[in-house]
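Text of the file my_file.tsv, holding TSV, C-alpha atoms:
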```tsv
chain	number	residue	atom	x	y	z
A	1	MET	CA	-14.05	-37.38	-16.81
A	2	LYS	CA	-14.03	-34.92	-19.70
A	3	LEU	CA	-12.64	-31.44	-19.08
A	4	ILE	CA	-13.67	-28.43	-21.12
A	5	GLY	CA	-11.03	-25.75	-21.33
A	6	PHE	CA	-8.14	-27.56	-19.63
A	7	ILE	CA	-5.60	-26.36	-22.19
A	8	LEU	CA	-6.81	-22.79	-21.79
A	9	ALA	CA	-6.56	-23.05	-18.01
A	10	SER	CA	-3.03	-24.40	-18.10
A	11	ALA	CA	-1.79	-21.79	-20.54
A	12	SER	CA	-3.59	-18.78	-19.07
A	13	VAL	CA	-2.90	-18.65	-15.35
A	14	ALA	CA	-2.93	-14.86	-15.50
A	15	LEU	CA	-6.58	-14.92	-16.57
A	16	ALA	CA	-7.99	-17.14	-13.81
A	17	ILE	CA	-10.28	-15.15	-11.57
A	18	CYS	CA	-12.61	-15.17	-8.61
A	19	GLY	CA	-16.00	-13.69	-9.41
A	20	VAL	CA	-16.20	-11.59	-6.23
A	21	GLN	CA	-15.95	-7.90	-7.11
A	22	GLU	CA	-14.51	-5.13	-4.96
A	23	VAL	CA	-17.11	-3.74	-2.58
A	24	PRO	CA	-17.85	0.00	-3.08
A	25	LEU	CA	-16.27	2.02	-0.27
A	26	SER	CA	-19.59	3.49	0.90
A	27	ASP	CA	-21.07	0.01	1.27
A	28	LYS	CA	-17.91	-1.25	2.92
A	29	LEU	CA	-17.94	1.51	5.53
A	30	ALA	CA	-21.56	0.73	6.42
A	31	ILE	CA	-20.81	-3.00	6.70
A	32	GLU	CA	-17.72	-2.47	8.82
A	33	ALA	CA	-19.52	0.03	11.07
A	34	PHE	CA	-22.20	-2.59	11.74
A	35	ILE	CA	-19.54	-5.17	12.56
A	36	ALA	CA	-17.74	-2.66	14.79
A	37	ASN	CA	-20.96	-2.00	16.68
A	38	LYS	CA	-21.22	-5.71	17.36
A	39	THR	CA	-17.59	-6.18	18.38
A	40	GLY	CA	-16.47	-2.83	19.79
A	41	SER	CA	-13.51	-2.51	17.43
A	42	PHE	CA	-13.52	-0.98	13.96
A	43	ARG	CA	-10.17	-2.44	12.93
A	44	LEU	CA	-10.00	-6.07	13.94
A	45	GLU	CA	-6.99	-6.88	16.09
A	46	ALA	CA	-4.75	-9.87	15.35
A	47	VAL	CA	-5.79	-11.83	18.42
A	48	SER	CA	-5.95	-15.56	18.98
A	49	PHE	CA	-9.22	-17.44	19.14
A	50	ALA	CA	-7.49	-20.68	20.10
A	51	ALA	CA	-9.36	-20.86	23.40
A	52	VAL	CA	-12.74	-20.82	21.64
A	53	ALA	CA	-14.21	-24.08	20.38
A	54	PRO	CA	-14.17	-23.91	16.58
A	55	PRO	CA	-17.60	-23.64	14.95
A	56	THR	CA	-18.80	-26.73	13.10
A	57	ILE	CA	-20.01	-25.81	9.62
A	58	GLU	CA	-22.41	-28.25	8.01
A	59	THR	CA	-21.57	-28.40	4.31
A	60	TRP	CA	-23.70	-29.40	1.33
A	61	PHE	CA	-22.44	-29.99	-2.19
A	62	HIS	CA	-24.82	-29.43	-5.10
A	63	VAL	CA	-23.32	-31.08	-8.17
A	64	LEU	CA	-24.39	-29.98	-11.65
A	65	SER	CA	-23.46	-32.07	-14.68
A	66	ASP	CA	-24.24	-32.30	-18.38
A	67	GLY	CA	-24.24	-36.08	-18.74
A	68	VAL	CA	-20.58	-36.17	-19.79
A	69	SER	CA	-18.71	-33.87	-17.40
A	70	GLY	CA	-19.14	-32.59	-13.88
A	71	ASN	CA	-20.55	-35.53	-11.96
A	72	VAL	CA	-17.57	-35.74	-9.62
A	73	PRO	CA	-17.20	-38.83	-7.42
A	74	ASP	CA	-17.89	-38.74	-3.69
A	75	LYS	CA	-14.17	-39.12	-2.97
A	76	MET	CA	-13.40	-35.75	-4.54
A	77	LEU	CA	-16.05	-34.13	-2.35
A	78	ALA	CA	-14.62	-35.79	0.74
A	79	ASP	CA	-11.13	-34.70	-0.27
A	80	GLN	CA	-12.35	-31.12	-0.65
A	81	ILE	CA	-13.71	-31.21	2.90
A	82	SER	CA	-10.30	-32.46	4.06
A	83	VAL	CA	-8.55	-29.57	2.31
A	84	LEU	CA	-10.89	-27.06	3.94
A	85	ASN	CA	-10.25	-28.52	7.38
A	86	ARG	CA	-6.49	-28.58	6.85
A	87	ASP	CA	-6.22	-25.05	5.48
A	88	TYR	CA	-8.55	-23.53	8.07
A	89	SER	CA	-6.20	-24.99	10.69
A	90	GLY	CA	-8.77	-26.01	13.25
A	91	ASN	CA	-10.38	-22.57	13.41
A	92	PHE	CA	-13.46	-23.97	11.68
A	93	ASN	CA	-14.62	-27.57	11.43
A	94	PHE	CA	-16.28	-28.48	8.13
A	95	VAL	CA	-18.44	-31.60	8.00
A	96	LEU	CA	-20.10	-33.08	4.93
A	97	SER	CA	-23.85	-33.09	5.53
A	98	GLY	CA	-25.15	-34.09	2.14
A	99	VAL	CA	-24.85	-34.13	-1.64
A	100	THR	CA	-27.39	-33.40	-4.35
A	101	ARG	CA	-26.83	-34.23	-8.01
A	102	THR	CA	-28.62	-32.55	-10.90
A	103	LEU	CA	-28.34	-33.32	-14.61
A	104	ASN	CA	-28.91	-30.05	-16.46
A	105	PRO	CA	-26.65	-29.32	-19.45
A	106	THR	CA	-27.98	-25.75	-19.73
A	107	LEU	CA	-27.35	-24.64	-16.15
A	108	PHE	CA	-24.06	-26.55	-16.02
A	109	THR	CA	-22.24	-23.92	-18.10
A	110	VAL	CA	-24.00	-20.75	-16.90
A	111	ASP	CA	-21.83	-18.01	-15.39
A	112	PRO	CA	-23.12	-17.58	-11.80
A	113	THR	CA	-22.08	-13.91	-11.83
A	114	ALA	CA	-24.19	-13.08	-14.92
A	115	GLY	CA	-27.53	-12.76	-13.13
A	116	ASN	CA	-29.17	-15.72	-14.85
A	117	ALA	CA	-32.65	-16.04	-13.34
A	118	ASP	CA	-32.96	-19.78	-13.99
A	119	LEU	CA	-29.66	-20.56	-12.26
A	120	ALA	CA	-30.53	-18.29	-9.33
A	121	SER	CA	-33.93	-19.93	-8.94
A	122	TRP	CA	-32.44	-23.43	-9.02
A	123	MET	CA	-29.72	-22.52	-6.51
A	124	GLY	CA	-32.31	-21.01	-4.20
A	125	SER	CA	-34.42	-24.17	-4.39
A	126	MET	CA	-31.42	-26.37	-3.60
A	127	HIS	CA	-30.18	-24.33	-0.62
A	128	ARG	CA	-30.10	-26.40	2.55
A	129	GLY	CA	-29.97	-25.33	6.19
A	130	ASP	CA	-29.72	-21.82	7.61
A	131	TRP	CA	-27.17	-19.00	7.19
A	132	GLY	CA	-24.60	-21.06	9.10
A	133	THR	CA	-24.82	-23.91	6.58
A	134	LEU	CA	-22.31	-23.84	3.74
A	135	ASN	CA	-23.85	-24.62	0.35
A	136	ILE	CA	-21.25	-25.31	-2.36
A	137	PHE	CA	-22.44	-25.50	-5.96
A	138	LEU	CA	-20.34	-27.13	-8.67
A	139	GLY	CA	-20.59	-26.32	-12.36
A	140	ASN	CA	-18.51	-25.50	-15.42
A	141	PRO	CA	-18.75	-21.76	-16.08
A	142	PRO	CA	-17.02	-20.03	-19.00
A	143	PRO	CA	-13.31	-19.37	-18.45
A	144	PRO	CA	-11.62	-17.61	-16.80
A	145	LEU	CA	-13.96	-17.92	-13.80
A	146	LEU	CA	-12.81	-20.33	-11.09
A	147	GLY	CA	-15.42	-19.59	-8.45
A	148	VAL	CA	-17.35	-17.03	-6.45
A	149	GLY	CA	-18.42	-16.77	-2.82
A	150	GLY	CA	-21.32	-14.85	-1.30
A	151	TYR	CA	-20.48	-12.49	1.55
A	152	PRO	CA	-22.26	-13.16	4.88
A	153	TRP	CA	-24.06	-9.81	4.73
A	154	GLN	CA	-26.02	-11.01	1.68
A	155	PRO	CA	-28.75	-12.96	3.53
A	156	THR	CA	-30.85	-14.41	0.71
A	157	VAL	CA	-30.87	-17.99	-0.54
A	158	THR	CA	-30.01	-16.72	-4.03
A	159	ALA	CA	-26.77	-15.11	-2.76
A	160	ASP	CA	-25.76	-17.26	0.23
A	161	TRP	CA	-23.51	-19.80	-1.45
A	162	VAL	CA	-20.12	-20.73	-2.81
A	163	TYR	CA	-19.85	-21.69	-6.47
A	164	LEU	CA	-16.85	-23.60	-7.86
A	165	ARG	CA	-15.66	-24.84	-11.22
A	166	TYR	CA	-16.01	-28.57	-10.62
A	167	SER	CA	-12.53	-29.38	-11.92
A	168	THR	CA	-10.83	-27.20	-9.25
A	169	LEU	CA	-11.57	-29.83	-6.60
A	170	PRO	CA	-8.62	-31.95	-5.38
A	171	GLY	CA	-7.69	-34.33	-8.15
A	172	GLY	CA	-9.47	-32.28	-10.80
A	173	GLU	CA	-7.97	-31.47	-14.16
A	174	TYR	CA	-8.04	-27.67	-14.14
A	175	GLY	CA	-4.35	-27.24	-13.34
A	176	PRO	CA	-2.74	-25.36	-11.76
A	177	PHE	CA	-5.96	-24.76	-9.83
A	178	ASN	CA	-6.79	-28.35	-8.92
A	179	LEU	CA	-5.70	-28.81	-5.29
A	180	GLY	CA	-8.93	-27.52	-3.76
A	181	ARG	CA	-7.70	-24.00	-2.94
A	182	THR	CA	-10.44	-22.31	-5.00
A	183	ALA	CA	-12.89	-23.57	-2.38
A	184	VAL	CA	-10.62	-22.32	0.42
A	185	HIS	CA	-10.54	-18.88	-1.22
A	186	GLU	CA	-14.29	-18.65	-1.88
A	187	VAL	CA	-15.22	-19.92	1.59
A	188	GLY	CA	-13.00	-17.11	2.89
A	189	HIS	CA	-15.40	-14.67	1.21
A	190	TRP	CA	-18.38	-16.59	2.64
A	191	LEU	CA	-16.82	-16.05	6.08
A	192	GLY	CA	-16.28	-12.32	5.50
A	193	LEU	CA	-12.78	-11.90	4.06
A	194	TYR	CA	-12.01	-9.49	1.26
A	195	HIS	CA	-9.23	-10.07	-1.24
A	196	THR	CA	-5.81	-9.13	0.12
A	197	PHE	CA	-5.58	-6.56	-2.68
A	198	GLU	CA	-8.95	-4.96	-1.82
A	199	GLY	CA	-8.54	-1.20	-2.14
A	200	GLY	CA	-5.00	-1.50	-3.46
A	201	CYS	CA	-2.52	0.62	-1.51
A	202	SER	CA	-5.29	2.77	-0.02
A	203	SER	CA	-6.54	2.44	3.54
A	204	PRO	CA	-8.50	0.58	4.90
A	205	GLY	CA	-7.65	-2.19	2.45
A	206	ASP	CA	-8.97	-5.59	3.50
A	207	TYR	CA	-9.66	-4.57	7.13
A	208	VAL	CA	-7.07	-7.00	8.44
A	209	ASP	CA	-4.04	-5.43	10.08
A	210	ASP	CA	-1.54	-8.23	9.55
A	211	THR	CA	-1.97	-8.64	5.77
A	212	PRO	CA	0.43	-6.22	4.03
A	213	ALA	CA	-1.12	-3.80	1.55
A	214	GLU	CA	-1.10	-4.99	-2.05
A	215	ALA	CA	-1.69	-2.89	-5.16
A	216	SER	CA	-3.14	-5.66	-7.30
A	217	ALA	CA	-3.66	-9.39	-7.44
A	218	ALA	CA	-0.52	-11.54	-7.43
A	219	ARG	CA	-0.66	-14.35	-9.94
A	220	ASP	CA	2.85	-15.77	-10.23
A	221	CYS	CA	4.00	-16.54	-6.66
A	222	ALA	CA	6.84	-14.00	-6.80
A	223	LEU	CA	7.80	-14.05	-3.12
A	224	SER	CA	9.79	-10.82	-3.39
A	225	ARG	CA	6.87	-8.83	-4.84
A	226	ASP	CA	6.33	-5.49	-3.08
A	227	SER	CA	3.66	-3.49	-4.89
A	228	CYS	CA	2.94	-0.93	-2.12
A	229	THR	CA	6.20	0.80	-1.22
A	230	GLY	CA	7.17	3.30	1.43
A	231	PRO	CA	7.50	3.29	5.21
A	232	GLN	CA	3.72	3.26	5.63
A	233	PHE	CA	3.55	-0.11	3.84
A	234	PRO	CA	5.69	-2.61	5.75
A	235	GLY	CA	6.08	-6.14	4.49
A	236	LEU	CA	6.11	-7.84	1.11
A	237	ASP	CA	2.94	-8.69	-0.76
A	238	PRO	CA	1.00	-11.64	0.74
A	239	VAL	CA	1.32	-13.66	-2.45
A	240	GLN	CA	0.92	-16.99	-0.62
A	241	ASN	CA	-2.27	-15.93	1.12
A	242	TYR	CA	-5.41	-17.88	0.29
A	243	MET	CA	-7.21	-14.61	-0.47
A	244	ASP	CA	-4.79	-13.61	-3.22
A	245	TYR	CA	-4.80	-14.98	-6.79
A	246	GLY	CA	-1.84	-17.36	-6.81
A	247	SER	CA	-1.96	-20.89	-8.14
A	248	ASP	CA	-3.01	-23.62	-5.72
A	249	SER	CA	0.54	-24.77	-5.08
A	250	CYS	CA	1.53	-21.23	-4.11
A	251	MET	CA	-1.21	-20.67	-1.53
A	252	ASN	CA	-0.51	-21.84	2.00
A	253	GLN	CA	-1.66	-19.31	4.60
A	254	PHE	CA	-4.26	-17.29	6.39
A	255	THR	CA	-3.03	-14.78	8.95
A	256	VAL	CA	-4.00	-14.66	12.61
A	257	GLY	CA	-5.89	-11.46	11.84
A	258	GLN	CA	-7.85	-13.12	9.06
A	259	PHE	CA	-8.85	-15.96	11.37
A	260	ALA	CA	-9.90	-13.38	13.98
A	261	ARG	CA	-12.01	-11.52	11.43
A	262	MET	CA	-13.68	-14.71	10.20
A	263	ALA	CA	-14.47	-15.80	13.75
A	264	ILE	CA	-16.06	-12.45	14.63
A	265	ILE	CA	-18.03	-12.22	11.38
A	266	TYR	CA	-19.19	-15.84	11.63
A	267	ALA	CA	-20.52	-15.11	15.12
A	268	THR	CA	-22.13	-11.88	13.91
A	269	TYR	CA	-23.84	-13.18	10.78
A	270	ARG	CA	-23.80	-16.97	10.75
A	271	GLY	CA	-23.49	-18.22	14.31
```
This structure in structure tokens:
Amino acid sequence: MKLIGFILASASVALAICGVQEVPLSDKLAIEAFIANKTGSFRLEAVSFAAVAPPTIETWFHVLSDGVSGNVPDKMLADQISVLNRDYSGNFNFVLSGVTRTLNPTLFTVDPTAGNADLASWMGSMHRGDWGTLNIFLGNPPPPLLGVGGYPWQPTVTADWVYLRYSTLPGGEYGPFNLGRTAVHEVGHWLGLYHTFEGGCSSPGDYVDDTPAEASAARDCALSRDSCTGPQFPGLDPVQNYMDYGSDSCMNQFTVGQFARMAIIYATYRG
């Protein structure tokens, strides 16, 4: 399997990014008010949903390739499903429903955040299932993009997806982002999570009460990092959280509050 840009990825961890941009505050307030109307709580409480049967999320992979790179084997797709199930800790159950494979050297390298009409049309045509079905597209976008996930309040087939650099799957060659955590991160967006550094040190941040405020993305797994200081900002930065920007080996946690938020938003938009 040929990898384009592996040396750049290994040497430039600080550049690796998620394509999801910060939501404008006015839009965010409208979205959160709608969620609050559905749930009766504007700030989601860190409560346990252990007594609720986890939703089963049917998952499709849509594999783009150029004839040389990208056509990942079925085992890597199965391993990615296993990583999702492990990291979501039984709160969601991901099942592999199907795989499509498309040879298209042009679309294979298109940046999914660039508004390319041909890529958007193809992705819309490949979308399977309803809004509760997870559609994961694999390609090889220009560095430094690792992936992007559509928020659940974007209900169109051209926005309802997760897109991943193919070599970030478990066993891929895009180290140190090759343990499958890019998918975990982007599916978090698909289920309604913001980045942990959303809004920086300003309230309301990521709308999850048990993720400490964070001024900016953490990229080096510095466990003592504390970018929002003062008595109003308890706790160190959540550098090991899946919704931060650490390398795959650094990431190992969602909080109870994040799981609560995802459960409520899944029921609101995707259930």
Can you tell me which residues surround Ala53 in chain A at a distance of at most 10 Å, considering only C-alpha atoms, apart from same-chain residues fewer than 4 positions away, and format the answer as a ChimeraX atom specification? /A:49,90-93
Given the selection you just returned, output its residues as a file containing C-alpha atoms, formatted as a PDB file, in the frame of the given file.
```pdb
ATOM      1  CA  PHE A  49      -9.220 -17.440  19.140  1.00  0.00           C
ATOM      2  CA  GLY A  90      -8.770 -26.010  13.250  1.00  0.00           C
ATOM      3  CA  ASN A  91     -10.380 -22.570  13.410  1.00  0.00           C
ATOM      4  CA  PHE A  92     -13.460 -23.970  11.680  1.00  0.00           C
ATOM      5  CA  ASN A  93     -14.620 -27.570  11.430  1.00  0.00           C
TER       6      ASN A  93
END
```
Expressed in Å to a single decimal, how great is the separation between CA of Asp206 in chain A and CA of Asn116 in chain A?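 Those two atoms sit 29.1 Å apart.
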Nearest to Gly180 in chain A: which of A:Thr158, A:Asn85, A:Gln80, A:Asn252 is it, counting all atoms listed in the file?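 Nearest candidate to Gly180 in chain A out of A:Thr158, A:Asn85, A:Gln80, A:Asn252: A:Gln80.
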Nearest residue to Val184 in chain A from the set A:Thr168, A:Ser125, A:Thr211, A:Ser69 (distances using only C-alpha atoms):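 Checking each candidate against Val184 in chain A, we get A:Thr168 as the closest.
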Distance CA of Gly139 in chain A-CA of Arg101 in chain A, one decimal place? 11.0 Å
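For the residues A:Thr100, A:Lys28, A:Ser89, A:Cys18, ranking by smallest atom-to-atom distance to Pro204 in chain A using all atoms listed in the file places A:Lys28 first.
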Distance in Å - CA of Leu119 in chain A versus CA of Gly175 in chain A: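 Answer for the CA of Leu119 in chain A to CA of Gly175 in chain A separation: 26.2 Å.
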Extract, using all atoms listed in the file, all DNA, RNA and protein residues at most 6 Å from range 218-221 of chain A, discarding same-chain residues fewer than 6 positions from it, and format them as a list in words.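 Listed by chain and then number, they are Val239, Tyr245, Gly246 and Cys250 of chain A.
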From the options A:Pro212, A:Gly199, A:Pro55, A:Gly235, which residue's atoms come nearest to Val23 in chain A, counting only C-alpha atoms?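 Closest candidate: A:Gly199.
Between Trp153 in chain A and the residues A:Ala183, A:Ile81, A:Leu193, A:Ile136, the shortest atom-to-atom distance, using all atoms listed in the file, involves A:Leu193.
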With only C-alpha atoms as the counted atoms, please give the residues lying no more than 9 Å from Pro112 in chain A, apart from itself and same-chain residues fewer than 4 positions off, as JSON, numbers by chain. {"A": [19, 116, 119, 120, 141, 147, 148, 163]}
Write out the residues from the selection above, keeping C-alpha atoms, as a PDB file, in the frame of the given file.
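Result file again.pdb:
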```
ATOM      1  CA  GLY A  19     -16.000 -13.690  -9.410  1.00  0.00           C
ATOM      2  CA  ASN A 116     -29.170 -15.720 -14.850  1.00  0.00           C
ATOM      3  CA  LEU A 119     -29.660 -20.560 -12.260  1.00  0.00           C
ATOM      4  CA  ALA A 120     -30.530 -18.290  -9.330  1.00  0.00           C
ATOM      5  CA  PRO A 141     -18.750 -21.760 -16.080  1.00  0.00           C
ATOM      6  CA  GLY A 147     -15.420 -19.590  -8.450  1.00  0.00           C
ATOM      7  CA  VAL A 148     -17.350 -17.030  -6.450  1.00  0.00           C
ATOM      8  CA  TYR A 163     -19.850 -21.690  -6.470  1.00  0.00           C
TER       9      TYR A 163
END
```
A:Pro234, A:Ala263, A:Leu146, A:Phe177: which is nearest Trp190 in chain A, counting only C-alpha atoms?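 Smallest separation from Trp190 in chain A among the options: A:Ala263.
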For a cut-off of 12 Å around (-2.8, -31.4, -6.3), file coordinates, pick out all residues using all atoms listed in the file and list them as a ChimeraX atom specification. /A:76,79-80,83,167-182,247-251
